[in-house]
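Student: Contents of entry-v3.cif (mmCIF, C-alpha atoms and all ligand atoms) are given next:
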data_upload
loop_
_atom_site.label_atom_id
_atom_site.label_comp_id
_atom_site.auth_asym_id
_atom_site.auth_seq_id
_atom_site.Cartn_x
_atom_site.Cartn_y
_atom_site.Cartn_z
CA MET X 4 -0.50 -17.34 17.96
CA ALA X 5 2.38 -19.82 17.59
CA ALA X 6 4.78 -17.58 15.64
CA LEU X 7 3.20 -14.30 14.61
CA ARG X 8 3.90 -11.15 16.67
CA THR X 9 3.55 -8.34 14.13
CA VAL X 10 1.69 -7.58 10.90
CA ILE X 11 2.74 -4.60 8.77
CA PHE X 12 0.10 -3.38 6.31
CA ASP X 13 0.46 -1.35 3.15
CA VAL X 14 -2.26 1.32 2.78
CA ASP X 15 -2.92 2.25 -0.89
CA GLY X 16 -4.65 -0.60 -2.66
CA THR X 17 -4.38 -2.83 0.43
CA LEU X 18 -6.23 -1.43 3.46
CA VAL X 19 -8.07 1.13 1.31
CA ASP X 20 -9.30 1.23 -2.26
CA SER X 21 -7.70 4.59 -2.91
CA GLU X 22 -6.05 4.79 -6.32
CA ARG X 23 -8.51 4.85 -9.26
CA ASP X 24 -11.37 6.79 -7.65
CA GLY X 25 -9.24 8.55 -5.02
CA HIS X 26 -5.71 9.74 -5.77
CA ARG X 27 -6.34 9.78 -9.55
CA VAL X 28 -9.35 12.06 -9.14
CA ALA X 29 -7.45 14.39 -6.76
CA PHE X 30 -4.50 14.63 -9.18
CA ASN X 31 -6.92 15.54 -12.00
CA GLN X 32 -8.64 18.21 -9.88
CA ALA X 33 -5.24 19.71 -9.04
CA PHE X 34 -4.32 19.79 -12.77
CA ALA X 35 -7.61 21.59 -13.50
CA GLU X 36 -7.12 24.13 -10.69
CA PHE X 37 -3.61 24.91 -11.98
CA GLY X 38 -5.04 25.54 -15.46
CA LEU X 39 -3.20 22.52 -16.90
CA PRO X 40 -4.76 20.49 -19.74
CA ASP X 41 -3.61 17.13 -18.33
CA ARG X 42 -6.14 14.52 -17.14
CA TRP X 43 -5.20 10.94 -16.18
CA ASP X 44 -7.70 8.35 -17.41
CA GLU X 45 -7.89 5.01 -15.58
CA GLU X 46 -5.52 3.25 -17.97
CA THR X 47 -2.90 6.02 -17.93
CA TYR X 48 -2.99 6.12 -14.14
CA GLY X 49 -2.57 2.33 -14.00
CA ARG X 50 0.60 2.66 -16.06
CA LEU X 51 1.89 5.56 -13.92
CA LEU X 52 1.37 3.55 -10.72
CA ALA X 53 4.57 1.66 -11.56
CA MET X 54 6.28 4.77 -10.14
CA THR X 55 5.53 4.96 -6.42
CA GLY X 56 5.14 8.31 -4.63
CA GLY X 57 2.85 11.05 -5.88
CA GLN X 58 5.65 13.57 -6.52
CA ARG X 59 7.80 11.02 -8.33
CA ARG X 60 4.75 10.02 -10.41
CA LEU X 61 4.19 13.67 -11.41
CA HIS X 62 7.88 14.09 -12.32
CA THR X 63 7.84 10.95 -14.47
CA TYR X 64 4.70 11.99 -16.31
CA LEU X 65 5.65 15.65 -16.85
CA SER X 66 9.12 14.66 -17.99
CA GLU X 67 7.55 12.23 -20.53
CA ARG X 68 5.56 15.11 -21.94
CA GLY X 69 8.67 17.26 -22.26
CA VAL X 70 8.46 19.59 -19.23
CA GLY X 71 12.03 20.57 -18.22
CA THR X 72 13.64 19.94 -14.85
CA ALA X 73 13.52 23.54 -13.57
CA GLU X 74 9.82 23.90 -14.36
CA ARG X 75 9.05 20.50 -12.82
CA ASP X 76 11.01 21.33 -9.66
CA ASP X 77 8.83 24.40 -9.25
CA LEU X 78 5.50 22.87 -10.28
CA VAL X 79 5.52 19.36 -8.77
CA PRO X 80 5.68 20.25 -5.04
CA ARG X 81 2.91 22.84 -5.45
CA LEU X 82 0.69 20.53 -7.51
CA HIS X 83 1.23 17.69 -5.06
CA ALA X 84 0.49 19.87 -2.02
CA ARG X 85 -2.85 20.86 -3.54
CA LYS X 86 -3.58 17.25 -4.59
CA THR X 87 -2.92 16.22 -0.98
CA GLU X 88 -5.40 18.82 0.36
CA LEU X 89 -8.02 17.62 -2.10
CA PHE X 90 -7.43 13.98 -1.15
CA VAL X 91 -7.64 14.75 2.58
CA ALA X 92 -11.05 16.33 1.92
CA MET X 93 -12.17 13.21 0.00
CA ALA X 94 -10.94 10.97 2.82
CA GLU X 95 -12.74 13.06 5.45
CA ALA X 96 -15.93 13.04 3.37
CA GLY X 97 -15.91 9.21 3.38
CA GLU X 98 -15.18 8.95 -0.36
CA VAL X 99 -12.20 6.58 0.02
CA PRO X 100 -13.47 3.15 1.13
CA ALA X 101 -11.73 0.48 3.18
CA ARG X 102 -11.35 -2.82 1.32
CA PRO X 103 -13.88 -5.45 2.41
CA GLY X 104 -12.57 -7.76 5.13
CA THR X 105 -9.92 -5.35 6.46
CA LEU X 106 -11.68 -4.42 9.71
CA ARG X 107 -12.49 -8.10 10.38
CA LEU X 108 -8.81 -9.07 10.00
CA LEU X 109 -7.57 -6.13 12.11
CA ASP X 110 -10.03 -7.05 14.87
CA GLU X 111 -8.92 -10.71 14.76
CA LEU X 112 -5.27 -9.62 15.08
CA ALA X 113 -6.11 -7.31 18.01
CA ALA X 114 -8.00 -10.13 19.75
CA ALA X 115 -4.96 -12.40 19.27
CA GLY X 116 -2.61 -9.77 20.74
CA VAL X 117 -0.71 -9.25 17.47
CA THR X 118 0.89 -5.81 16.98
CA VAL X 119 -0.17 -4.05 13.77
CA ALA X 120 1.64 -1.25 11.91
CA VAL X 121 1.63 0.52 8.57
CA ALA X 122 4.39 0.98 5.98
CA THR X 123 3.27 3.19 3.10
CA THR X 124 4.79 5.39 0.42
CA GLY X 125 1.87 7.82 0.79
CA THR X 126 1.91 11.20 2.55
CA ARG X 127 1.21 11.42 6.31
CA ALA X 128 -1.22 14.35 5.86
CA TRP X 129 -3.84 12.01 4.36
CA VAL X 130 -2.67 8.65 5.73
CA ALA X 131 -3.39 9.57 9.35
CA PRO X 132 -6.97 10.89 8.95
CA LEU X 133 -7.92 8.09 6.54
CA LEU X 134 -6.66 5.32 8.84
CA ASP X 135 -8.30 7.03 11.80
CA ARG X 136 -11.66 7.25 10.07
CA HIS X 137 -11.80 3.59 9.06
CA PHE X 138 -9.88 1.74 11.75
CA GLY X 139 -8.91 4.15 14.57
CA LEU X 140 -5.34 5.40 14.37
CA SER X 141 -4.48 4.21 17.88
CA ARG X 142 -4.61 0.53 16.88
CA PHE X 143 -1.43 0.97 14.80
CA ALA X 144 1.74 0.77 16.90
CA ALA X 145 3.76 2.50 14.15
CA VAL X 146 2.74 4.43 11.04
CA VAL X 147 5.67 4.85 8.63
CA THR X 148 4.89 7.07 5.63
CA GLY X 149 6.66 8.48 2.59
CA ASP X 150 7.47 11.57 4.68
CA ASP X 151 9.68 9.38 6.88
CA CYS X 152 11.42 7.47 4.06
CA PRO X 153 12.54 9.39 0.98
CA ARG X 154 13.52 6.11 -0.75
CA ARG X 155 10.12 4.78 -1.78
CA LYS X 156 9.04 1.18 -2.43
CA PRO X 157 10.35 -1.13 -3.95
CA GLU X 158 13.23 -0.03 -1.66
CA PRO X 159 12.87 -1.71 1.76
CA ASP X 160 13.22 1.50 3.82
CA ALA X 161 9.59 1.80 4.99
CA TYR X 162 9.62 -1.83 6.19
CA LEU X 163 13.02 -1.48 7.85
CA ALA X 164 11.81 1.69 9.61
CA ALA X 165 8.62 -0.04 10.80
CA LEU X 166 10.58 -3.06 12.11
CA ARG X 167 12.98 -0.70 13.89
CA ALA X 168 10.19 1.40 15.41
CA LEU X 169 8.49 -1.73 16.75
CA GLY X 170 11.64 -3.59 17.77
CA ALA X 171 10.22 -6.42 15.61
CA GLU X 172 11.98 -9.30 13.82
CA PRO X 173 11.23 -10.39 10.22
CA GLY X 174 10.91 -13.98 11.48
CA THR X 175 7.83 -13.10 13.57
CA THR X 176 6.39 -10.52 11.15
CA VAL X 177 4.18 -10.76 8.06
CA ALA X 178 3.52 -7.99 5.51
CA VAL X 179 0.25 -7.51 3.65
CA GLU X 180 0.67 -5.83 0.26
CA ASP X 181 -1.16 -5.37 -3.05
CA SER X 182 1.52 -4.66 -5.68
CA ASP X 183 4.84 -5.81 -7.13
CA ASN X 184 6.58 -2.73 -5.71
CA GLY X 185 5.19 -3.40 -2.24
CA VAL X 186 5.99 -7.14 -2.30
CA GLN X 187 9.56 -6.37 -3.37
CA ALA X 188 9.96 -3.79 -0.58
CA ALA X 189 8.84 -6.22 2.12
CA ARG X 190 10.91 -9.12 0.73
CA ALA X 191 13.98 -6.86 0.55
CA ALA X 192 13.50 -6.39 4.32
CA ASN X 193 13.25 -10.22 4.57
CA VAL X 194 9.60 -10.10 5.67
CA PRO X 195 7.24 -12.77 4.23
CA VAL X 196 4.24 -11.44 2.32
CA ALA X 197 0.55 -12.17 1.89
CA ALA X 198 -0.66 -10.24 -1.16
CA VAL X 199 -4.24 -9.10 -1.80
CA SER X 200 -4.42 -8.01 -5.43
CA ASN X 201 -6.91 -5.46 -6.76
CA ASP X 202 -8.11 -4.35 -10.20
CA TYR X 203 -4.87 -2.50 -10.93
CA THR X 204 -2.54 -5.27 -9.70
CA ALA X 205 -4.56 -8.33 -10.82
CA THR X 206 -2.17 -8.98 -13.70
CA GLN X 207 1.05 -8.42 -11.73
CA GLU X 208 3.13 -11.52 -10.89
CA LEU X 209 3.52 -10.56 -7.21
CA ASP X 210 6.64 -12.73 -7.22
CA GLY X 211 7.94 -13.30 -3.74
CA ALA X 212 4.52 -13.28 -2.07
CA ALA X 213 3.94 -16.66 -0.41
CA VAL X 214 0.18 -16.14 -0.47
CA VAL X 215 -1.84 -14.30 -3.12
CA LEU X 216 -5.60 -13.77 -3.05
CA ASP X 217 -7.70 -11.26 -4.97
CA GLY X 218 -8.99 -9.72 -1.73
CA PHE X 219 -9.16 -10.30 2.03
CA GLY X 220 -12.37 -12.24 1.51
CA THR X 221 -15.45 -12.32 3.68
CA PRO X 222 -17.41 -15.44 4.69
CA GLU X 223 -20.19 -14.29 2.32
CA ARG X 224 -17.79 -13.43 -0.53
CA PRO X 225 -14.56 -15.44 -0.27
CA ALA X 226 -11.63 -14.21 -2.34
CA ALA X 227 -10.09 -16.23 -5.17
CA VAL X 228 -6.82 -17.88 -4.10
CA ARG X 229 -4.06 -17.31 -6.70
CA ARG X 230 -1.15 -18.82 -4.72
CA ASP X 231 -0.65 -20.60 -1.42
CA THR X 232 3.00 -21.72 -1.36
CA TYR X 233 2.94 -23.32 2.10
CA GLY X 234 -0.72 -24.41 2.18
CA VAL X 235 -1.57 -22.01 5.02
CA LEU X 236 -4.97 -20.77 3.84
CA ASP X 237 -8.25 -22.33 4.84
CA GLY X 238 -10.35 -21.08 1.92
CA GLY X 239 -10.69 -17.61 0.47
CA VAL X 240 -10.66 -15.62 3.71
CA LEU X 241 -7.32 -14.20 4.88
CA THR X 242 -7.43 -14.83 8.64
CA ALA X 243 -5.08 -14.10 11.56
CA ALA X 244 -4.63 -17.88 11.92
CA ALA X 245 -3.49 -18.15 8.26
CA LEU X 246 -0.96 -15.31 8.77
CA ASP X 247 0.32 -17.12 11.87
CA ARG X 248 0.78 -20.32 9.84
CA LEU X 249 2.56 -18.29 7.15
CA SER X 250 4.97 -16.89 9.74
CA SER X 251 5.71 -20.42 11.08
CA ALA X 252 6.23 -21.83 7.58
CA PHE X 253 8.55 -18.94 6.67
CA ARG X 254 10.65 -19.60 9.79
CA ARG X 255 10.85 -23.30 8.99
CA SER X 256 11.95 -22.51 5.42
CA ILE X 257 14.75 -20.26 6.74
CA SER X 258 15.98 -22.90 9.21
CA ALA X 259 15.91 -25.52 6.44
CA ALA X 260 17.98 -23.25 4.18
CA HIS X 261 20.46 -22.38 7.00
CA PRO X 262 20.54 -25.40 9.30
C1 LIG X 301 1.37 4.18 -2.92
C2 LIG X 301 1.90 5.31 -3.66
C3 LIG X 301 1.43 6.68 -3.34
C4 LIG X 301 -0.03 6.95 -3.70
C5 LIG X 301 -0.33 8.42 -3.68
O1 LIG X 301 2.22 3.03 -3.05
O2 LIG X 301 2.75 5.13 -4.53
O3 LIG X 301 2.24 7.57 -4.06
O4 LIG X 301 -0.30 6.47 -5.00
O5 LIG X 301 0.00 9.01 -2.46
P1 LIG X 301 2.21 1.88 -1.95
P2 LIG X 301 0.92 10.33 -2.39
O6 LIG X 301 0.80 1.39 -1.83
O7 LIG X 301 3.13 0.81 -2.52
O8 LIG X 301 2.75 2.45 -0.65
O9 LIG X 301 0.42 11.26 -3.44
O10 LIG X 301 0.70 10.84 -0.99
O11 LIG X 301 2.33 9.90 -2.64
MG MG X 302 -0.05 -0.47 -2.29
#
As C-alpha cells - that is how I would like this structure written.

Tutor:
Amino acid sequence: MAALRTVIFDVDGTLVDSERDGHRVAFNQAFAEFGLPDRWDEETYGRLLAMTGGQRRLHTYLSERGVGTAERDDLVPRLHARKTELFVAMAEAGEVPARPGTLRLLDELAAAGVTVAVATTGTRAWVAPLLDRHFGLSRFAAVVTGDDCPRRKPEPDAYLAALRALGAEPGTTVAVEDSDNGVQAARAANVPVAAVSNDYTATQELDGAAVVLDGFGTPERPAAVRRDTYGVLDGGVLTAAALDRLSSAFRRSISAAHP
C-alpha cells in the first residue's frame, strides 16, 4: 500500500445490516415486554435513525409522544438494557447478517498489512459478539463504542478515540461509513470517507464522502457507484487498492490546499 495504514469501519448499516430487521425488532420486543403500546414500523424507524444512539433515540421518540423527563429518565435505561439483551440474542442466533463483500475487503486489508478498527455509536455488549461471530474480534486493533464516547456521531469523538488508540494519523487513514451522521463524524476528525449506502441511507446526500457506492460490491454483483471524486474506483467493488488510492488522493488534496 502506497499511503494507507489504517481503515476505521462503522458497524450499524456498514459492516452489518442491523437496523431494520435487527435493532428495530429488538426495540419493539422490549416495548411489548414492558407492556407499552408503541411499535416502530420501518418508516418510523427510518425517521428516528436521524438520532444516533439507542437511548437518545428512545428519549426523542418518547418526548415526541409527550412522556415527561422524569418518567423517561427512569424508563429509557431499563428499556434499552432489555433491548440490548434481546439484540445480543439475535446476534448470537445469526439473525443479524454481515453486508455482502465485507469479509472479502477485511481479508484484502489484512493481506496488505493494513490495520483495521471500529468506531460505532452502538453498545459494546452487542458490538463485540456480533463482530466476533462474523469477522473474528481479534482482527480489529481497536473497537470504540458508544460506551466509550458519550458524545455520539455526528460528533467526531469515536473517530478521535480510535485514531488515538491506534496512534494513527488522518492522512494515512480512511473511514468506511453508511450515513450522513457517520460521514460527518469522520470528516470532523479530518478522516476521508468511502460511503456504502443502504436502503435507509440511499436518499441521504452523504456530503463529504469522496466515494459513494450502494454497497461493497462483489465480483458477481458489483455495487452502483454514486460518486468517485478522485477517480479511485475500478468498477463497483470497493477494494483495498481503491482505499489506498483514496488515501493518496486525500493527502495530495491537503498538500495542494496548504502548500
Ligand atoms: C448506530 C446507532 C445505534 C444503533 C443501535 O449509528 O445510532 O444507536 O442504531 O445501537 P452509527 P444501540 O452506525 O452511525 O454508529 O441501541 O446499542 O445504541
Ligand atoms: Mg452506521

Student: Go ahead and compute the interatomic distance for atom CA of X:His26 and atom O10 of ligand LIG 301 (chain X), in Å to one decimal.

Tutor: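 Between these atoms lies a distance of 8.1 Å.
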
Student: Please identify all protein, DNA and RNA residues within 7 Å of ligand MG 302 (chain X), counting only C-alpha atoms and all ligand atoms, and report them as a PyMOL selection string.

Tutor: chain X and resi 13-17+180-182+185

Student: Chain X near ligand LIG 301 (chain X) within 10 Å: what's each residue's closest atom pair and its distance in Å to one decimal, counting only C-alpha atoms and all ligand atoms, ordered by chain then ascending residue number, as CSV?

Tutor:
residue,atom,partner,partner_atom,distance
X:Phe12,CA,X:LIG301,O8,9.5
X:Asp13,CA,X:LIG301,O6,5.7
X:Val14,CA,X:LIG301,O6,5.5
X:Asp15,CA,X:LIG301,O6,3.9
X:Gly16,CA,X:LIG301,O6,5.9
X:Thr17,CA,X:LIG301,O6,7.1
X:Leu18,CA,X:LIG301,O6,9.2
X:Val19,CA,X:LIG301,O6,9.4
X:Ser21,CA,X:LIG301,O4,7.9
X:Glu22,CA,X:LIG301,O4,6.1
X:Arg23,CA,X:LIG301,O4,9.4
X:Gly25,CA,X:LIG301,C5,9.0
X:His26,CA,X:LIG301,C5,5.9
X:Arg27,CA,X:LIG301,O4,8.3
X:Ala29,CA,X:LIG301,O9,9.1
X:Phe30,CA,X:LIG301,O9,8.3
X:Tyr48,CA,X:LIG301,O4,9.5
X:Leu51,CA,X:LIG301,O4,9.2
X:Leu52,CA,X:LIG301,O2,6.5
X:Ala53,CA,X:LIG301,O2,8.0
X:Met54,CA,X:LIG301,O2,6.6
X:Thr55,CA,X:LIG301,O2,3.4
X:Gly56,CA,X:LIG301,O3,3.0
X:Gly57,CA,X:LIG301,O9,3.5
X:Gln58,CA,X:LIG301,O11,6.3
X:Arg59,CA,X:LIG301,O3,7.8
X:Arg60,CA,X:LIG301,O3,7.3
X:Leu61,CA,X:LIG301,O9,9.1
X:His83,CA,X:LIG301,O9,6.7
X:Ala84,CA,X:LIG301,O9,8.7
X:Lys86,CA,X:LIG301,O9,7.3
X:Thr87,CA,X:LIG301,O9,6.5
X:Phe90,CA,X:LIG301,O9,8.6
X:Val91,CA,X:LIG301,O10,9.9
X:Val121,CA,X:LIG301,O8,9.5
X:Ala122,CA,X:LIG301,O8,7.0
X:Thr123,CA,X:LIG301,O8,3.9
X:Thr124,CA,X:LIG301,O8,3.7
X:Gly125,CA,X:LIG301,O10,3.7
X:Thr126,CA,X:LIG301,O10,3.8
X:Arg127,CA,X:LIG301,O10,7.3
X:Ala128,CA,X:LIG301,O10,7.9
X:Trp129,CA,X:LIG301,O10,7.1
X:Val130,CA,X:LIG301,O10,7.8
X:Thr148,CA,X:LIG301,O8,8.1
X:Gly149,CA,X:LIG301,O11,6.9
X:Asp150,CA,X:LIG301,O10,8.9
X:Arg155,CA,X:LIG301,O8,7.8
X:Lys156,CA,X:LIG301,O7,5.9
X:Pro157,CA,X:LIG301,O7,7.6
X:Ala161,CA,X:LIG301,O8,8.9
X:Glu180,CA,X:LIG301,O6,7.5
X:Asp181,CA,X:LIG301,O6,7.1
X:Ser182,CA,X:LIG301,O7,6.5
X:Asp183,CA,X:LIG301,O7,8.2
X:Asn184,CA,X:LIG301,O7,5.9
X:Gly185,CA,X:LIG301,O7,4.7
X:Val186,CA,X:LIG301,O7,8.5
X:Gln187,CA,X:LIG301,O7,9.7
X:Ala188,CA,X:LIG301,O7,8.5

Student: Using only C-alpha atoms, which of X:Thr9, X:Arg102, X:Val228, X:Asp135 sits nearest X:Val119?

Tutor: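 Counting only C-alpha atoms, the residue closest to X:Val119 is X:Thr9.
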
Student: Fewer than 4 positions away in the same chain doesn't count, so skip those; otherwise give me all residues within 9 Å of X:Gly220, counting only C-alpha atoms, as a PDB file with C-alpha atoms, in the frame of the given file.

Tutor:
ATOM      1  CA  PRO X 103     -13.880  -5.450   2.410  1.00  0.00           C
ATOM      2  CA  GLY X 104     -12.570  -7.760   5.130  1.00  0.00           C
ATOM      3  CA  THR X 105      -9.920  -5.350   6.460  1.00  0.00           C
ATOM      4  CA  LEU X 216      -5.600 -13.770  -3.050  1.00  0.00           C
ATOM      5  CA  ARG X 224     -17.790 -13.430  -0.530  1.00  0.00           C
ATOM      6  CA  PRO X 225     -14.560 -15.440  -0.270  1.00  0.00           C
ATOM      7  CA  ALA X 226     -11.630 -14.210  -2.340  1.00  0.00           C
ATOM      8  CA  ALA X 227     -10.090 -16.230  -5.170  1.00  0.00           C
ATOM      9  CA  GLY X 239     -10.690 -17.610   0.470  1.00  0.00           C
ATOM     10  CA  VAL X 240     -10.660 -15.620   3.710  1.00  0.00           C
ATOM     11  CA  LEU X 241      -7.320 -14.200   4.880  1.00  0.00           C
TER      12      LEU X 241
END

Student: Between X:Asp24, X:Ala5, X:Arg85, X:Glu172, which has the minimum distance to X:Glu36 (counting all atoms listed in the file)?

Tutor: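 Nearest to X:Glu36: X:Arg85.
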
Student: Return the padded bounding box of stretch 153-172 of chain X as lines of an AutoDock Vina configuration file: axis-aligned, built from all atoms listed in the file, 3 Å added on each side, with centre and edge lengths in Å to one decimal.

Tutor:
center_x = 11.0
center_y = 0.0
center_z = 6.9
size_x = 11.0
size_y = 24.7
size_z = 27.7

Student: Let me make sure I understand: among X:Pro195, X:Gly234, X:Gly218, X:Pro100, which one has the smallest atom-to-atom distance to X:His137 if we use all atoms listed in the file?

Tutor: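 The shortest atom-to-atom distance to X:His137 comes from X:Pro100.
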
Student: One decimal, in Å: what's the spacing between atom CA of X:Ser141 and atom CA of X:Ala120?

Tutor: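 Atom-to-atom, atom CA of X:Ser141 and atom CA of X:Ala120 are spaced 10.1 Å apart.
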
Student: Suppose you want the space between atom CA of X:Leu89 and atom CA of X:Val28; what is it in Å?

Tutor: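 Distance reported for this atom pair: 9.1 Å.
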
Student: What residues have an atom no more than 9 Å from (4.0, -17.3, 16.9) in the file's own frame, counting all atoms listed in the file, and can you write them as a list in words?

Tutor: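 Residues satisfying the cut-off, written out: Met4, Ala5, Ala6, Leu7, Arg8, Thr175, Asp247, Arg248, Ser250 and Ser251 of chain X.
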
Student: Choose the residue, out of X:His62, X:Thr221, X:Gly97, X:Arg142, that has the smallest atom-to-atom separation from X:Ala113; count only C-alpha atoms.

Tutor: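 Closest to X:Ala113, using only C-alpha atoms: X:Arg142.
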
Student: Kindly extract all protein, DNA and RNA residues lying within 9 Å of the coordinates (3.0, -23.8, 0.2) given in the file, considering all atoms listed in the file, and supply them as a VMD selection string.

Tutor: chain X and resid 213 to 214 230 to 235 249 252

Student: Could you dump the residues just selected with C-alpha atoms as a PDB file, keeping the file's coordinate frame?

Tutor:
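Wrote out_23.pdb, looks like this:
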ATOM      1  CA  ALA X 213       3.940 -16.660  -0.410  1.00  0.00           C
ATOM      2  CA  VAL X 214       0.180 -16.140  -0.470  1.00  0.00           C
ATOM      3  CA  ARG X 230      -1.150 -18.820  -4.720  1.00  0.00           C
ATOM      4  CA  ASP X 231      -0.650 -20.600  -1.420  1.00  0.00           C
ATOM      5  CA  THR X 232       3.000 -21.720  -1.360  1.00  0.00           C
ATOM      6  CA  TYR X 233       2.940 -23.320   2.100  1.00  0.00           C
ATOM      7  CA  GLY X 234      -0.720 -24.410   2.180  1.00  0.00           C
ATOM      8  CA  VAL X 235      -1.570 -22.010   5.020  1.00  0.00           C
ATOM      9  CA  LEU X 249       2.560 -18.290   7.150  1.00  0.00           C
ATOM     10  CA  ALA X 252       6.230 -21.830   7.580  1.00  0.00           C
TER      11      ALA X 252
END

Student: Quick one: of X:Leu39, X:Ala96, X:Ala33, X:Leu109, who's nearest to X:Arg81, counting all atoms listed in the file?

Tutor: X:Ala33

Student: Could N, CA, C and O atoms be built for stretch 97-109 of chain X and written out as a PDB file, in the coordinates of the input?

Tutor:
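Resulting contents of part.pdb:
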ATOM      1  N   GLY X  97     -15.527  10.620   3.481  1.00  0.00           N
ATOM      2  CA  GLY X  97     -15.910   9.210   3.380  1.00  0.00           C
ATOM      3  C   GLY X  97     -15.924   8.697   1.949  1.00  0.00           C
ATOM      4  O   GLY X  97     -16.590   7.710   1.634  1.00  0.00           O
ATOM      5  N   GLU X  98     -15.164   9.349   1.055  1.00  0.00           N
ATOM      6  CA  GLU X  98     -15.180   8.950  -0.360  1.00  0.00           C
ATOM      7  C   GLU X  98     -14.077   7.938  -0.715  1.00  0.00           C
ATOM      8  O   GLU X  98     -13.934   7.576  -1.884  1.00  0.00           O
ATOM      9  N   VAL X  99     -13.288   7.536   0.283  1.00  0.00           N
ATOM     10  CA  VAL X  99     -12.200   6.580   0.020  1.00  0.00           C
ATOM     11  C   VAL X  99     -12.454   5.343   0.889  1.00  0.00           C
ATOM     12  O   VAL X  99     -12.171   5.341   2.088  1.00  0.00           O
ATOM     13  N   PRO X 100     -13.023   4.282   0.299  1.00  0.00           N
ATOM     14  CA  PRO X 100     -13.470   3.150   1.130  1.00  0.00           C
ATOM     15  C   PRO X 100     -12.354   2.227   1.590  1.00  0.00           C
ATOM     16  O   PRO X 100     -11.335   2.069   0.914  1.00  0.00           O
ATOM     17  N   ALA X 101     -12.583   1.589   2.740  1.00  0.00           N
ATOM     18  CA  ALA X 101     -11.730   0.480   3.180  1.00  0.00           C
ATOM     19  C   ALA X 101     -12.051  -0.721   2.303  1.00  0.00           C
ATOM     20  O   ALA X 101     -13.172  -0.876   1.823  1.00  0.00           O
ATOM     21  N   ARG X 102     -11.053  -1.600   2.081  1.00  0.00           N
ATOM     22  CA  ARG X 102     -11.350  -2.820   1.320  1.00  0.00           C
ATOM     23  C   ARG X 102     -12.140  -3.793   2.208  1.00  0.00           C
ATOM     24  O   ARG X 102     -11.875  -3.892   3.426  1.00  0.00           O
ATOM     25  N   PRO X 103     -13.080  -4.513   1.614  1.00  0.00           N
ATOM     26  CA  PRO X 103     -13.880  -5.450   2.410  1.00  0.00           C
ATOM     27  C   PRO X 103     -13.006  -6.488   3.105  1.00  0.00           C
ATOM     28  O   PRO X 103     -12.065  -7.016   2.504  1.00  0.00           O
ATOM     29  N   GLY X 104     -13.304  -6.739   4.374  1.00  0.00           N
ATOM     30  CA  GLY X 104     -12.570  -7.760   5.130  1.00  0.00           C
ATOM     31  C   GLY X 104     -11.421  -7.200   5.948  1.00  0.00           C
ATOM     32  O   GLY X 104     -10.846  -7.921   6.766  1.00  0.00           O
ATOM     33  N   THR X 105     -11.072  -5.909   5.743  1.00  0.00           N
ATOM     34  CA  THR X 105      -9.920  -5.350   6.460  1.00  0.00           C
ATOM     35  C   THR X 105     -10.207  -5.218   7.964  1.00  0.00           C
ATOM     36  O   THR X 105      -9.385  -5.617   8.789  1.00  0.00           O
ATOM     37  N   LEU X 106     -11.373  -4.647   8.293  1.00  0.00           N
ATOM     38  CA  LEU X 106     -11.680  -4.420   9.710  1.00  0.00           C
ATOM     39  C   LEU X 106     -11.788  -5.765  10.448  1.00  0.00           C
ATOM     40  O   LEU X 106     -11.294  -5.918  11.567  1.00  0.00           O
ATOM     41  N   ARG X 107     -12.381  -6.753   9.797  1.00  0.00           N
ATOM     42  CA  ARG X 107     -12.490  -8.100  10.380  1.00  0.00           C
ATOM     43  C   ARG X 107     -11.102  -8.653  10.713  1.00  0.00           C
ATOM     44  O   ARG X 107     -10.840  -9.124  11.813  1.00  0.00           O
ATOM     45  N   LEU X 108     -10.152  -8.534   9.756  1.00  0.00           N
ATOM     46  CA  LEU X 108      -8.810  -9.070  10.000  1.00  0.00           C
ATOM     47  C   LEU X 108      -8.105  -8.276  11.105  1.00  0.00           C
ATOM     48  O   LEU X 108      -7.466  -8.862  11.996  1.00  0.00           O
ATOM     49  N   LEU X 109      -8.221  -6.939  11.073  1.00  0.00           N
ATOM     50  CA  LEU X 109      -7.570  -6.130  12.110  1.00  0.00           C
ATOM     51  C   LEU X 109      -8.128  -6.464  13.493  1.00  0.00           C
ATOM     52  O   LEU X 109      -7.372  -6.539  14.478  1.00  0.00           O
TER      53      LEU X 109
END
